[in-house]
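The file start35.csv comes next; it holds CSV, N, CA and C atoms and all ligand atoms.
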chain,number,residue,atom,x,y,z
A,670,MET,N,23.1,-1.5,-4.2
A,670,MET,CA,23.1,-0.1,-3.9
A,670,MET,C,24.3,0.3,-3.2
A,671,SER,N,25.0,1.3,-3.7
A,671,SER,CA,26.2,1.8,-3.0
A,671,SER,C,25.9,2.7,-1.9
A,672,GLU,N,26.9,3.2,-1.2
A,672,GLU,CA,26.8,4.0,0.0
A,672,GLU,C,26.2,5.4,-0.4
A,673,LEU,N,25.2,5.8,0.3
A,673,LEU,CA,24.5,7.1,-0.1
A,673,LEU,C,24.8,8.2,0.9
A,674,MET,N,24.8,9.4,0.4
A,674,MET,CA,24.9,10.6,1.3
A,674,MET,C,23.8,11.5,0.9
A,675,LEU,N,22.7,11.5,1.7
A,675,LEU,CA,21.5,12.1,1.3
A,675,LEU,C,21.1,13.1,2.4
A,676,SER,N,20.3,14.1,2.0
A,676,SER,CA,19.7,15.0,3.0
A,676,SER,C,18.2,14.9,2.8
A,677,GLY,N,17.5,15.3,3.9
A,677,GLY,CA,16.0,15.2,3.8
A,677,GLY,C,15.4,16.1,4.8
A,678,GLY,N,14.1,16.2,4.8
A,678,GLY,CA,13.4,17.1,5.7
A,678,GLY,C,11.9,17.1,5.4
A,679,CYS,N,11.1,17.8,6.3
A,679,CYS,CA,9.7,17.9,6.1
A,679,CYS,C,9.4,19.1,5.2
A,680,PHE,N,8.1,19.2,4.8
A,680,PHE,CA,7.7,20.3,3.9
A,680,PHE,C,7.9,21.6,4.5
A,681,CYS,N,7.7,21.8,5.8
A,681,CYS,CA,7.8,23.2,6.4
A,681,CYS,C,9.2,23.5,6.7
A,682,GLY,N,10.1,22.6,6.8
A,682,GLY,CA,11.5,22.8,7.1
A,682,GLY,C,11.9,22.8,8.5
A,683,LYS,N,11.0,22.5,9.4
A,683,LYS,CA,11.3,22.5,10.8
A,683,LYS,C,12.2,21.3,11.2
A,684,VAL,N,12.0,20.1,10.5
A,684,VAL,CA,12.8,18.9,10.7
A,684,VAL,C,13.7,18.6,9.5
A,685,THR,N,15.0,18.5,9.8
A,685,THR,CA,15.9,18.1,8.7
A,685,THR,C,16.7,16.9,9.2
A,686,PHE,N,17.3,16.1,8.3
A,686,PHE,CA,18.1,15.0,8.6
A,686,PHE,C,19.0,14.6,7.5
A,687,ASN,N,20.1,13.9,7.8
A,687,ASN,CA,21.0,13.3,6.8
A,687,ASN,C,20.9,11.8,6.9
A,688,VAL,N,21.2,11.2,5.7
A,688,VAL,CA,21.3,9.7,5.7
A,688,VAL,C,22.6,9.4,5.1
A,689,HIS,N,23.4,8.6,5.8
A,689,HIS,CA,24.7,8.2,5.3
A,689,HIS,C,24.9,6.7,5.5
A,690,GLY,N,24.8,5.9,4.4
A,690,GLY,CA,24.9,4.5,4.5
A,690,GLY,C,24.3,3.8,3.3
A,691,THR,N,24.2,2.5,3.4
A,691,THR,CA,23.8,1.6,2.3
A,691,THR,C,22.4,1.0,2.7
A,692,PRO,N,21.4,1.3,1.9
A,692,PRO,CA,20.1,0.8,2.3
A,692,PRO,C,20.0,-0.7,2.1
A,693,ASN,N,19.2,-1.4,3.0
A,693,ASN,CA,19.0,-2.8,2.8
A,693,ASN,C,18.0,-3.0,1.6
A,694,ALA,N,17.0,-2.2,1.5
A,694,ALA,CA,16.1,-2.3,0.4
A,694,ALA,C,15.2,-1.0,0.4
A,695,SER,N,14.7,-0.8,-0.8
A,695,SER,CA,13.8,0.4,-0.9
A,695,SER,C,12.6,-0.1,-1.7
A,696,TYR,N,11.4,0.3,-1.3
A,696,TYR,CA,10.2,-0.2,-2.0
A,696,TYR,C,9.0,0.7,-1.9
A,697,PHE,N,8.1,0.5,-2.9
A,697,PHE,CA,6.8,1.0,-2.8
A,697,PHE,C,6.0,-0.1,-2.1
A,698,CYS,N,5.3,0.3,-1.0
A,698,CYS,CA,4.4,-0.7,-0.3
A,698,CYS,C,3.0,-0.4,-0.7
A,699,HIS,N,2.3,-1.3,-1.3
A,699,HIS,CA,0.9,-1.1,-1.8
A,699,HIS,C,-0.1,-1.6,-0.8
A,700,CYS,N,0.2,-2.0,0.4
A,700,CYS,CA,-0.8,-2.5,1.3
A,700,CYS,C,-1.8,-1.5,1.7
A,701,GLN,N,-3.0,-1.9,2.2
A,701,GLN,CA,-4.0,-1.0,2.5
A,701,GLN,C,-3.6,0.0,3.7
A,702,GLN,N,-2.9,-0.6,4.6
A,702,GLN,CA,-2.5,0.2,5.8
A,702,GLN,C,-1.6,1.4,5.3
A,703,CYS,N,-0.6,1.1,4.4
A,703,CYS,CA,0.2,2.2,3.9
A,703,CYS,C,-0.5,3.2,3.1
A,704,ARG,N,-1.6,2.7,2.4
A,704,ARG,CA,-2.4,3.7,1.7
A,704,ARG,C,-3.0,4.7,2.6
A,705,LYS,N,-3.6,4.1,3.7
A,705,LYS,CA,-4.2,5.0,4.7
A,705,LYS,C,-3.2,5.9,5.4
A,706,LEU,N,-2.1,5.4,5.8
A,706,LEU,CA,-1.1,6.2,6.5
A,706,LEU,C,-0.6,7.3,5.6
A,707,THR,N,-0.4,7.1,4.3
A,707,THR,CA,0.1,8.1,3.4
A,707,THR,C,-1.0,8.9,2.7
A,708,GLY,N,-2.2,8.4,2.7
A,708,GLY,CA,-3.2,9.1,1.9
A,708,GLY,C,-3.0,9.0,0.4
A,709,SER,N,-2.2,8.0,0.0
A,709,SER,CA,-1.8,7.9,-1.4
A,709,SER,C,-1.8,6.5,-1.9
A,710,ALA,N,-1.4,6.2,-3.2
A,710,ALA,CA,-1.5,4.9,-3.7
A,710,ALA,C,-0.6,3.9,-3.0
A,711,HIS,N,0.5,4.4,-2.5
A,711,HIS,CA,1.5,3.5,-1.8
A,711,HIS,C,2.4,4.3,-1.0
A,712,ALA,N,3.0,3.6,0.0
A,712,ALA,CA,4.1,4.2,0.7
A,712,ALA,C,5.4,4.0,-0.1
A,713,SER,N,6.4,4.9,0.1
A,713,SER,CA,7.7,4.7,-0.6
A,713,SER,C,8.7,4.8,0.5
A,714,ASN,N,9.3,3.7,0.9
A,714,ASN,CA,10.2,3.6,2.0
A,714,ASN,C,11.5,3.0,1.7
A,715,MET,N,12.6,3.5,2.3
A,715,MET,CA,13.9,3.0,2.3
A,715,MET,C,14.2,2.4,3.6
A,716,GLN,N,14.6,1.1,3.7
A,716,GLN,CA,15.0,0.5,4.9
A,716,GLN,C,16.5,0.5,5.1
A,717,ILE,N,16.9,1.1,6.2
A,717,ILE,CA,18.4,1.3,6.5
A,717,ILE,C,18.7,1.1,8.0
A,718,LYS,N,19.9,0.9,8.3
A,718,LYS,CA,20.3,0.7,9.7
A,718,LYS,C,20.1,2.0,10.5
A,719,PRO,N,19.6,2.0,11.7
A,719,PRO,CA,19.3,3.2,12.4
A,719,PRO,C,20.4,4.2,12.5
A,720,ASP,N,21.7,3.7,12.6
A,720,ASP,CA,22.8,4.7,12.8
A,720,ASP,C,23.1,5.4,11.5
A,721,ALA,N,22.4,5.1,10.4
A,721,ALA,CA,22.6,5.8,9.1
A,721,ALA,C,21.8,7.1,9.1
A,722,VAL,N,20.9,7.3,10.0
A,722,VAL,CA,20.0,8.5,10.0
A,722,VAL,C,20.4,9.4,11.1
A,723,ASP,N,20.8,10.7,10.8
A,723,ASP,CA,21.1,11.7,11.8
A,723,ASP,C,20.1,12.9,11.6
A,724,PHE,N,19.4,13.2,12.7
A,724,PHE,CA,18.5,14.3,12.7
A,724,PHE,C,19.4,15.6,12.9
A,725,THR,N,19.2,16.6,12.1
A,725,THR,CA,20.1,17.7,12.2
A,725,THR,C,19.3,18.9,12.7
A,726,GLN,N,18.0,18.9,12.7
A,726,GLN,CA,17.2,20.0,13.2
A,726,GLN,C,15.8,19.5,13.5
A,727,GLY,N,15.2,20.0,14.6
A,727,GLY,CA,13.8,19.9,14.8
A,727,GLY,C,13.2,18.6,15.3
A,728,LYS,N,14.1,17.8,15.9
A,728,LYS,CA,13.6,16.4,16.3
A,728,LYS,C,12.4,16.5,17.3
A,729,ASP,N,12.3,17.6,18.1
A,729,ASP,CA,11.2,17.8,19.0
A,729,ASP,C,9.9,18.0,18.2
A,730,TRP,N,9.9,18.3,16.9
A,730,TRP,CA,8.7,18.5,16.2
A,730,TRP,C,8.1,17.2,15.7
A,731,ILE,N,8.8,16.0,15.9
A,731,ILE,CA,8.3,14.8,15.4
A,731,ILE,C,7.3,14.1,16.3
A,732,ASN,N,6.2,13.7,15.8
A,732,ASN,CA,5.2,12.9,16.5
A,732,ASN,C,5.3,11.5,15.9
A,733,GLU,N,5.0,10.5,16.7
A,733,GLU,CA,5.0,9.1,16.1
A,733,GLU,C,3.7,8.4,16.5
A,734,PHE,N,3.2,7.7,15.5
A,734,PHE,CA,2.1,6.8,15.7
A,734,PHE,C,2.5,5.4,15.6
A,735,SER,N,2.2,4.6,16.5
A,735,SER,CA,2.5,3.1,16.4
A,735,SER,C,1.2,2.4,16.5
A,736,CYS,N,1.0,1.5,15.6
A,736,CYS,CA,-0.2,0.6,15.6
A,736,CYS,C,0.1,-0.4,16.7
A,737,PRO,N,-0.9,-0.6,17.7
A,737,PRO,CA,-0.7,-1.5,18.8
A,737,PRO,C,-0.8,-2.9,18.5
A,738,THR,N,-1.4,-3.3,17.4
A,738,THR,CA,-1.6,-4.7,17.1
A,738,THR,C,-1.1,-5.1,15.7
A,739,GLY,N,-1.0,-6.3,15.4
A,739,GLY,CA,-0.8,-6.8,14.0
A,739,GLY,C,0.6,-6.5,13.5
A,740,ARG,N,0.7,-6.3,12.2
A,740,ARG,CA,2.0,-6.0,11.6
A,740,ARG,C,2.6,-4.7,12.2
A,741,ALA,N,3.9,-4.6,12.1
A,741,ALA,CA,4.5,-3.4,12.8
A,741,ALA,C,4.4,-2.1,12.0
A,742,PHE,N,3.3,-1.5,12.1
A,742,PHE,CA,3.1,-0.2,11.4
A,742,PHE,C,3.4,0.9,12.3
A,743,SER,N,4.2,1.8,11.9
A,743,SER,CA,4.4,3.0,12.6
A,743,SER,C,4.6,4.1,11.6
A,744,ASN,N,4.5,5.3,12.1
A,744,ASN,CA,4.6,6.5,11.2
A,744,ASN,C,5.1,7.6,12.0
A,745,ALA,N,6.0,8.4,11.5
A,745,ALA,CA,6.5,9.6,12.1
A,745,ALA,C,6.2,10.7,11.2
A,746,PHE,N,5.9,11.8,11.8
A,746,PHE,CA,5.5,13.0,11.0
A,746,PHE,C,5.7,14.3,11.8
A,747,CYS,N,5.9,15.4,11.0
A,747,CYS,CA,6.1,16.7,11.6
A,747,CYS,C,4.8,17.2,12.2
A,748,ARG,N,4.9,17.6,13.4
A,748,ARG,CA,3.6,18.1,14.1
A,748,ARG,C,3.2,19.4,13.5
A,749,ASN,N,4.0,20.1,12.8
A,749,ASN,CA,3.6,21.4,12.2
A,749,ASN,C,3.0,21.2,10.8
A,750,CYS,N,3.6,20.4,9.9
A,750,CYS,CA,3.1,20.3,8.5
A,750,CYS,C,2.6,18.9,8.2
A,751,GLY,N,2.8,17.9,9.0
A,751,GLY,CA,2.2,16.5,8.8
A,751,GLY,C,3.1,15.7,7.9
A,752,SER,N,4.2,16.2,7.3
A,752,SER,CA,5.0,15.4,6.4
A,752,SER,C,5.5,14.1,7.1
A,753,GLY,N,5.6,13.1,6.3
A,753,GLY,CA,6.2,11.8,6.8
A,753,GLY,C,7.7,12.0,7.0
A,754,LEU,N,8.3,11.4,8.0
A,754,LEU,CA,9.7,11.5,8.4
A,754,LEU,C,10.2,10.1,8.8
A,755,PRO,N,11.5,9.9,8.9
A,755,PRO,CA,12.1,8.6,9.2
A,755,PRO,C,11.6,8.1,10.6
A,756,PHE,N,11.3,6.8,10.6
A,756,PHE,CA,10.8,6.2,11.8
A,756,PHE,C,11.5,4.9,12.1
A,757,MET,N,11.5,4.5,13.3
A,757,MET,CA,12.1,3.2,13.7
A,757,MET,C,11.1,2.1,13.6
A,758,GLY,N,11.5,1.0,13.0
A,758,GLY,CA,10.6,-0.2,13.0
A,758,GLY,C,10.5,-0.8,14.4
A,759,LYS,N,9.5,-1.6,14.6
A,759,LYS,CA,9.2,-2.1,15.9
A,759,LYS,C,10.3,-2.9,16.5
A,760,SER,N,11.0,-3.7,15.6
A,760,SER,CA,12.1,-4.5,16.1
A,760,SER,C,13.3,-3.7,16.6
A,761,GLY,N,13.4,-2.4,16.2
A,761,GLY,CA,14.6,-1.6,16.5
A,761,GLY,C,15.7,-1.9,15.6
A,762,GLU,N,15.6,-2.8,14.6
A,762,GLU,CA,16.7,-3.2,13.8
A,762,GLU,C,16.8,-2.3,12.6
A,763,TRP,N,15.7,-1.7,12.1
A,763,TRP,CA,15.7,-0.9,10.9
A,763,TRP,C,15.0,0.4,11.1
A,764,MET,N,15.5,1.4,10.4
A,764,MET,CA,14.8,2.7,10.3
A,764,MET,C,14.2,2.7,8.9
A,765,TYR,N,13.0,3.3,8.8
A,765,TYR,CA,12.3,3.5,7.5
A,765,TYR,C,12.3,4.9,7.1
A,766,VAL,N,12.9,5.2,6.0
A,766,VAL,CA,12.9,6.6,5.5
A,766,VAL,C,11.9,6.8,4.4
A,767,PRO,N,10.9,7.7,4.6
A,767,PRO,CA,10.0,7.9,3.5
A,767,PRO,C,10.8,8.6,2.3
A,768,ILE,N,10.8,8.0,1.2
A,768,ILE,CA,11.7,8.5,0.1
A,768,ILE,C,11.3,9.9,-0.4
A,769,GLY,N,10.0,10.2,-0.3
A,769,GLY,CA,9.6,11.5,-0.7
A,769,GLY,C,10.1,12.6,0.2
A,770,SER,N,10.6,12.3,1.4
A,770,SER,CA,11.2,13.3,2.3
A,770,SER,C,12.6,13.6,2.0
A,771,LEU,N,13.2,12.8,1.0
A,771,LEU,CA,14.6,13.0,0.7
A,771,LEU,C,14.8,14.1,-0.4
A,772,ASP,N,15.9,14.9,-0.3
A,772,ASP,CA,16.1,16.0,-1.3
A,772,ASP,C,16.7,15.5,-2.6
A,773,ASN,N,17.5,14.4,-2.5
A,773,ASN,CA,18.4,14.0,-3.6
A,773,ASN,C,18.5,12.5,-3.8
A,774,PRO,N,17.4,11.8,-3.8
A,774,PRO,CA,17.5,10.3,-3.9
A,774,PRO,C,18.0,9.9,-5.3
A,775,PRO,N,18.8,8.8,-5.4
A,775,PRO,CA,19.2,8.4,-6.7
A,775,PRO,C,18.1,7.8,-7.6
A,776,VAL,N,18.2,7.9,-8.9
A,776,VAL,CA,17.1,7.4,-9.7
A,776,VAL,C,16.8,5.9,-9.6
A,777,ASP,N,17.8,5.1,-9.3
A,777,ASP,CA,17.6,3.7,-9.3
A,777,ASP,C,17.4,3.1,-7.9
A,778,LEU,N,16.8,4.0,-7.0
A,778,LEU,CA,16.7,3.6,-5.6
A,778,LEU,C,15.7,2.4,-5.4
A,779,ILE,N,14.6,2.4,-6.1
A,779,ILE,CA,13.5,1.4,-5.7
A,779,ILE,C,13.8,0.0,-6.2
A,780,ASP,N,13.8,-0.9,-5.3
A,780,ASP,CA,14.1,-2.3,-5.6
A,780,ASP,C,12.8,-3.1,-5.8
A,781,TYR,N,11.7,-2.8,-5.1
A,781,TYR,CA,10.6,-3.7,-5.1
A,781,TYR,C,9.3,-2.9,-5.0
A,782,ASN,N,8.2,-3.5,-5.6
A,782,ASN,CA,6.8,-3.2,-5.3
A,782,ASN,C,6.3,-4.3,-4.3
A,783,ILE,N,6.1,-4.0,-3.1
A,783,ILE,CA,5.7,-5.1,-2.1
A,783,ILE,C,4.2,-5.0,-1.9
A,784,PHE,N,3.6,-6.1,-1.4
A,784,PHE,CA,2.2,-6.2,-1.2
A,784,PHE,C,1.4,-5.8,-2.5
A,785,TRP,N,2.0,-6.2,-3.7
A,785,TRP,CA,1.5,-5.9,-5.0
A,785,TRP,C,0.1,-6.4,-5.2
A,786,ASP,N,-0.2,-7.6,-4.6
A,786,ASP,CA,-1.6,-8.1,-4.8
A,786,ASP,C,-2.6,-7.3,-4.0
A,787,ASP,N,-2.2,-6.4,-3.1
A,787,ASP,CA,-3.1,-5.6,-2.3
A,787,ASP,C,-3.3,-4.2,-2.9
A,788,LYS,N,-2.6,-4.0,-4.0
A,788,LYS,CA,-2.6,-2.6,-4.6
A,788,LYS,C,-4.0,-2.0,-4.8
A,789,ALA,N,-4.1,-0.7,-4.8
A,789,ALA,CA,-5.3,0.0,-5.1
A,789,ALA,C,-5.8,-0.4,-6.4
A,790,ASN,N,-7.2,-0.6,-6.6
A,790,ASN,CA,-7.7,-1.1,-7.9
A,790,ASN,C,-7.6,0.1,-8.9
A,791,TRP,N,-7.3,1.3,-8.5
A,791,TRP,CA,-7.1,2.4,-9.4
A,791,TRP,C,-5.7,2.7,-9.7
A,792,TYR,N,-4.7,1.9,-9.2
A,792,TYR,CA,-3.3,2.3,-9.4
A,792,TYR,C,-2.8,2.1,-10.8
A,793,GLU,N,-3.0,0.9,-11.4
A,793,GLU,CA,-2.4,0.7,-12.7
A,793,GLU,C,-3.0,1.6,-13.8
A,794,ALA,N,-4.4,1.8,-13.7
A,794,ALA,CA,-5.0,2.8,-14.7
A,794,ALA,C,-4.5,4.2,-14.4
A,795,GLY,N,-4.2,4.5,-13.1
A,795,GLY,CA,-3.8,5.9,-12.8
A,795,GLY,C,-2.4,6.2,-13.4
A,796,ILE,N,-1.5,5.2,-13.3
A,796,ILE,CA,-0.2,5.6,-13.8
A,796,ILE,C,-0.1,5.7,-15.4
A,797,LYS,N,-1.2,5.2,-16.0
A,797,LYS,CA,-1.3,5.3,-17.5
A,797,LYS,C,-2.2,6.5,-17.9
A,798,ALA,N,-2.7,7.2,-16.9
A,798,ALA,CA,-3.6,8.4,-17.3
A,798,ALA,C,-2.8,9.4,-18.0
A,799,LYS,N,-3.5,10.3,-18.7
A,799,LYS,CA,-2.9,11.4,-19.5
A,799,LYS,C,-1.9,12.2,-18.6
A,800,ARG,N,-0.8,12.5,-19.2
A,800,ARG,CA,0.3,13.2,-18.5
A,800,ARG,C,0.2,14.7,-18.9
A,801,CYS,N,0.3,15.6,-17.8
A,801,CYS,CA,0.2,17.0,-18.0
A,801,CYS,C,1.4,17.6,-17.2
A,802,SER,N,2.0,18.6,-17.7
A,802,SER,CA,3.1,19.3,-17.0
A,802,SER,C,2.6,20.2,-15.9
A,803,GLN,N,1.3,20.6,-15.9
A,803,GLN,CA,0.7,21.5,-14.9
A,803,GLN,C,-0.7,20.9,-14.6
A,804,PHE,N,-1.5,21.7,-14.0
A,804,PHE,CA,-2.9,21.3,-13.8
A,804,PHE,C,-3.5,21.2,-15.2
A,805,PRO,N,-4.5,20.3,-15.5
A,805,PRO,CA,-5.0,20.1,-16.8
A,805,PRO,C,-5.6,21.4,-17.4
A,806,SER,N,-6.2,22.3,-16.5
A,806,SER,CA,-6.8,23.5,-17.0
A,806,SER,C,-5.8,24.5,-17.5
A,807,GLU,N,-4.5,24.3,-17.2
A,807,GLU,CA,-3.4,25.2,-17.6
A,807,GLU,C,-2.7,24.7,-18.8
A,808,GLU,N,-3.1,23.5,-19.3
A,808,GLU,CA,-2.4,23.0,-20.5
A,808,GLU,C,-2.8,23.8,-21.7
B,1,ZN,ZN,7.2,20.3,9.0
B,2,ZN,ZN,2.5,-1.3,3.6

For this file, write the structure as structure tokens.
Ligand SMILES: [Zn+2]
Ligand SMILES: [Zn+2]
Amino acid sequence: MSELMLSGGCFCGKVTFNVHGTPNASYFCHCQQCRKLTGSAHASNMQIKPDAVDFTQGKDWINEFSCPTGRAFSNAFCRNCGSGLPFMGKSGEWMYVPIGSLDNPPVDLIDYNIFWDDKANWYEAGIKAKRCSQFPSEE
């Protein structure tokens, strides 16, 4: 992956940031903890050096949850709209940027599906489900 120049922010727009650098890796994490944290089939995170991320607006709106035990789970989110935002890993070595918070990610960003054996039992059938461009009732 080459050097990226990306912008991002939360749904309500209070928090914005830029990313400038080369990611170490980007992945869908299918573990159960990431499903709970995101409320979705998997987390989508880009791992990058902390100095690659610059908050440009609304840093005071960020709340952070850190799991006190076990693997280093944490999650940062906008206190107003709840959207996921970049957070520092427990070691302080890496920042994790939720890829859905980015405005202009490249198409080939994802390198891995991690914790694949823990994936939701409805995931593979779900991605093969009928595709609609709007709500099914509007097709
Ligand atoms: Zn927000
Ligand atoms: Zn995970």

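With only C-alpha atoms as the basis for measurement, A:Asp777 is the residue among A:Asp777, A:Glu807, A:Glu793, A:Asp787 that approaches A:Leu673 most closely.
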
Kindly provide the residues of chain A that approach ligand ZN 1 (chain B) to within 8 Å, each paired with its closest atom pair and their distance in Å to one decimal, based on all atoms listed in the file, listed by chain and increasing number, as CSV.
residue,atom,partner,partner_atom,distance
A:Gly678,C,B:ZN1,ZN,6.7
A:Cys679,CA,B:ZN1,ZN,4.5
A:Phe680,N,B:ZN1,ZN,4.4
A:Cys681,N,B:ZN1,ZN,3.6
A:Gly682,N,B:ZN1,ZN,4.3
A:Lys683,N,B:ZN1,ZN,4.4
A:Val684,N,B:ZN1,ZN,5.0
A:Trp730,C,B:ZN1,ZN,7.4
A:Phe746,C,B:ZN1,ZN,6.8
A:Cys747,CA,B:ZN1,ZN,4.6
A:Arg748,N,B:ZN1,ZN,5.7
A:Asn749,C,B:ZN1,ZN,4.7
A:Cys750,N,B:ZN1,ZN,3.7
A:Gly751,N,B:ZN1,ZN,5.0
A:Ser752,N,B:ZN1,ZN,5.4
A:Gly753,N,B:ZN1,ZN,7.9

Enumerate residues in contact with ligand ZN 2 (chain B): an atom-to-atom distance of at most 5 Å, counting only N, CA and C atoms and all ligand atoms. Format the result as a PyMOL selection string.
chain A and resi 698-700+703

Counting only N, CA and C atoms, note down every residue that has an atom within 6.5 Å of the point (12.0, 6.3, 10.0) (file coordinates), as a PyMOL selection string.
chain A and resi 754-758+764-767

For atom CA of A:Ser709 and atom C of A:Arg800, quote the distance in Å rounded to one decimal.
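So the answer is 18.9 Å.
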
Using all atoms listed in the file, the best pick from A:Ser695, A:Leu675, A:Asp720, A:Val688 as closest to A:Asp780 would be A:Ser695

Would you give me, as a ChimeraX atom specification, the residues in chain A that DSSP reads as helix (DSSP H, G or I)?
/A:701-707,719-721,728-730,768-770,785-787,792-796,805-807

Would you mind reading off the distance between atom CA of A:Tyr781 and atom CA of A:Ala694, one decimal, in Å?
7.9 Å

d(atom C of A:Gly677, atom N of A:Pro692) in Å
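It comes out at 16.2 Å.
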
If I put a ball of radius 8 Å at (4.9, -2.0, -4.7) in the file's coordinates, which residues poke into it when counting all atoms listed in the file, written as number ranges by chain?
A: 696-700, 711-712, 781-786, 788

Quick one: pick out all strand (DSSP E) residues within stretch 686-779 of chain A from a backbone DSSP run and write them as a ChimeraX atom specification.
/A:686-690,694-698,712-717,722-726,731-735,743-747,753-754,756-757,764-767

Please determine, counting only N, CA and C atoms, which residue among A:Ser743, A:Ile717, A:Ala710, A:Asn693 has the shortest atom-to-atom distance to A:Tyr792.
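Distance minimum relative to A:Tyr792 lands on A:Ala710.
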
Of the residues A:Gly690, A:Gly708, A:Pro805, A:Pro737, which is the one nearest to A:Val722, using only C-alpha atoms?
A:Gly690

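You can rank A:Ser676, A:Asn744, A:Thr685, A:Asn790 by their closest distance to A:Lys759 using only C-alpha atoms, and at the top of that list sits A:Asn744.
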
Which residues are near A:Ile768? Cut-off 7 Å, only N, CA and C atoms, ignore same chain within fewer than 3 positions. Put them as a PyMOL selection string.
chain A and resi 712-715+765+771-772

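Taking only C-alpha atoms into account, A:Ala721 lies nearest to A:Asn687 out of the set A:Gln702, A:Ser770, A:Ser671, A:Asn687.
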
For stretch 691-697 of chain A, supply all heavy atoms and format the output as an mmCIF file, in the coordinates of the input.
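File written: part_37.cif
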data_model
loop_
_atom_site.group_PDB
_atom_site.id
_atom_site.type_symbol
_atom_site.label_atom_id
_atom_site.label_comp_id
_atom_site.auth_asym_id
_atom_site.auth_seq_id
_atom_site.Cartn_x
_atom_site.Cartn_y
_atom_site.Cartn_z
ATOM 1 N N THR A 691 24.200 2.500 3.400
ATOM 2 C CA THR A 691 23.800 1.600 2.300
ATOM 3 C C THR A 691 22.400 1.000 2.700
ATOM 4 O O THR A 691 22.319 0.306 3.700
ATOM 5 C CB THR A 691 24.791 0.499 2.084
ATOM 6 O OG1 THR A 691 26.071 1.097 1.864
ATOM 7 C CG2 THR A 691 24.397 -0.318 0.879
ATOM 8 N N PRO A 692 21.400 1.300 1.900
ATOM 9 C CA PRO A 692 20.100 0.800 2.300
ATOM 10 C C PRO A 692 20.000 -0.700 2.100
ATOM 11 O O PRO A 692 20.704 -1.300 1.285
ATOM 12 C CB PRO A 692 19.111 1.420 1.264
ATOM 13 C CG PRO A 692 19.902 2.379 0.472
ATOM 14 C CD PRO A 692 21.350 2.164 0.750
ATOM 15 N N ASN A 693 19.200 -1.400 3.000
ATOM 16 C CA ASN A 693 19.000 -2.800 2.800
ATOM 17 C C ASN A 693 18.000 -3.000 1.600
ATOM 18 O O ASN A 693 18.256 -3.955 0.846
ATOM 19 C CB ASN A 693 18.350 -3.347 4.101
ATOM 20 C CG ASN A 693 18.189 -4.845 4.050
ATOM 21 O OD1 ASN A 693 19.137 -5.554 3.727
ATOM 22 N ND2 ASN A 693 16.993 -5.331 4.332
ATOM 23 N N ALA A 694 17.000 -2.200 1.500
ATOM 24 C CA ALA A 694 16.100 -2.300 0.400
ATOM 25 C C ALA A 694 15.200 -1.000 0.400
ATOM 26 O O ALA A 694 15.082 -0.356 1.401
ATOM 27 C CB ALA A 694 15.149 -3.516 0.602
ATOM 28 N N SER A 695 14.700 -0.800 -0.800
ATOM 29 C CA SER A 695 13.800 0.400 -0.900
ATOM 30 C C SER A 695 12.600 -0.100 -1.700
ATOM 31 O O SER A 695 12.733 -0.891 -2.681
ATOM 32 C CB SER A 695 14.429 1.527 -1.692
ATOM 33 O OG SER A 695 15.508 2.038 -0.956
ATOM 34 N N TYR A 696 11.400 0.300 -1.300
ATOM 35 C CA TYR A 696 10.200 -0.200 -2.000
ATOM 36 C C TYR A 696 9.000 0.700 -1.900
ATOM 37 O O TYR A 696 8.896 1.540 -1.039
ATOM 38 C CB TYR A 696 9.836 -1.592 -1.427
ATOM 39 C CG TYR A 696 9.905 -1.714 0.075
ATOM 40 C CD1 TYR A 696 8.950 -1.115 0.893
ATOM 41 C CD2 TYR A 696 10.928 -2.452 0.662
ATOM 42 C CE1 TYR A 696 9.024 -1.249 2.262
ATOM 43 C CE2 TYR A 696 11.007 -2.581 2.034
ATOM 44 C CZ TYR A 696 10.050 -1.977 2.834
ATOM 45 O OH TYR A 696 10.132 -2.099 4.188
ATOM 46 N N PHE A 697 8.100 0.500 -2.900
ATOM 47 C CA PHE A 697 6.800 1.000 -2.800
ATOM 48 C C PHE A 697 6.000 -0.100 -2.100
ATOM 49 O O PHE A 697 5.950 -1.258 -2.517
ATOM 50 C CB PHE A 697 6.146 1.175 -4.190
ATOM 51 C CG PHE A 697 6.827 2.211 -5.043
ATOM 52 C CD1 PHE A 697 6.757 2.121 -6.426
ATOM 53 C CD2 PHE A 697 7.504 3.279 -4.481
ATOM 54 C CE1 PHE A 697 7.363 3.077 -7.234
ATOM 55 C CE2 PHE A 697 8.115 4.242 -5.277
ATOM 56 C CZ PHE A 697 8.040 4.136 -6.661
#
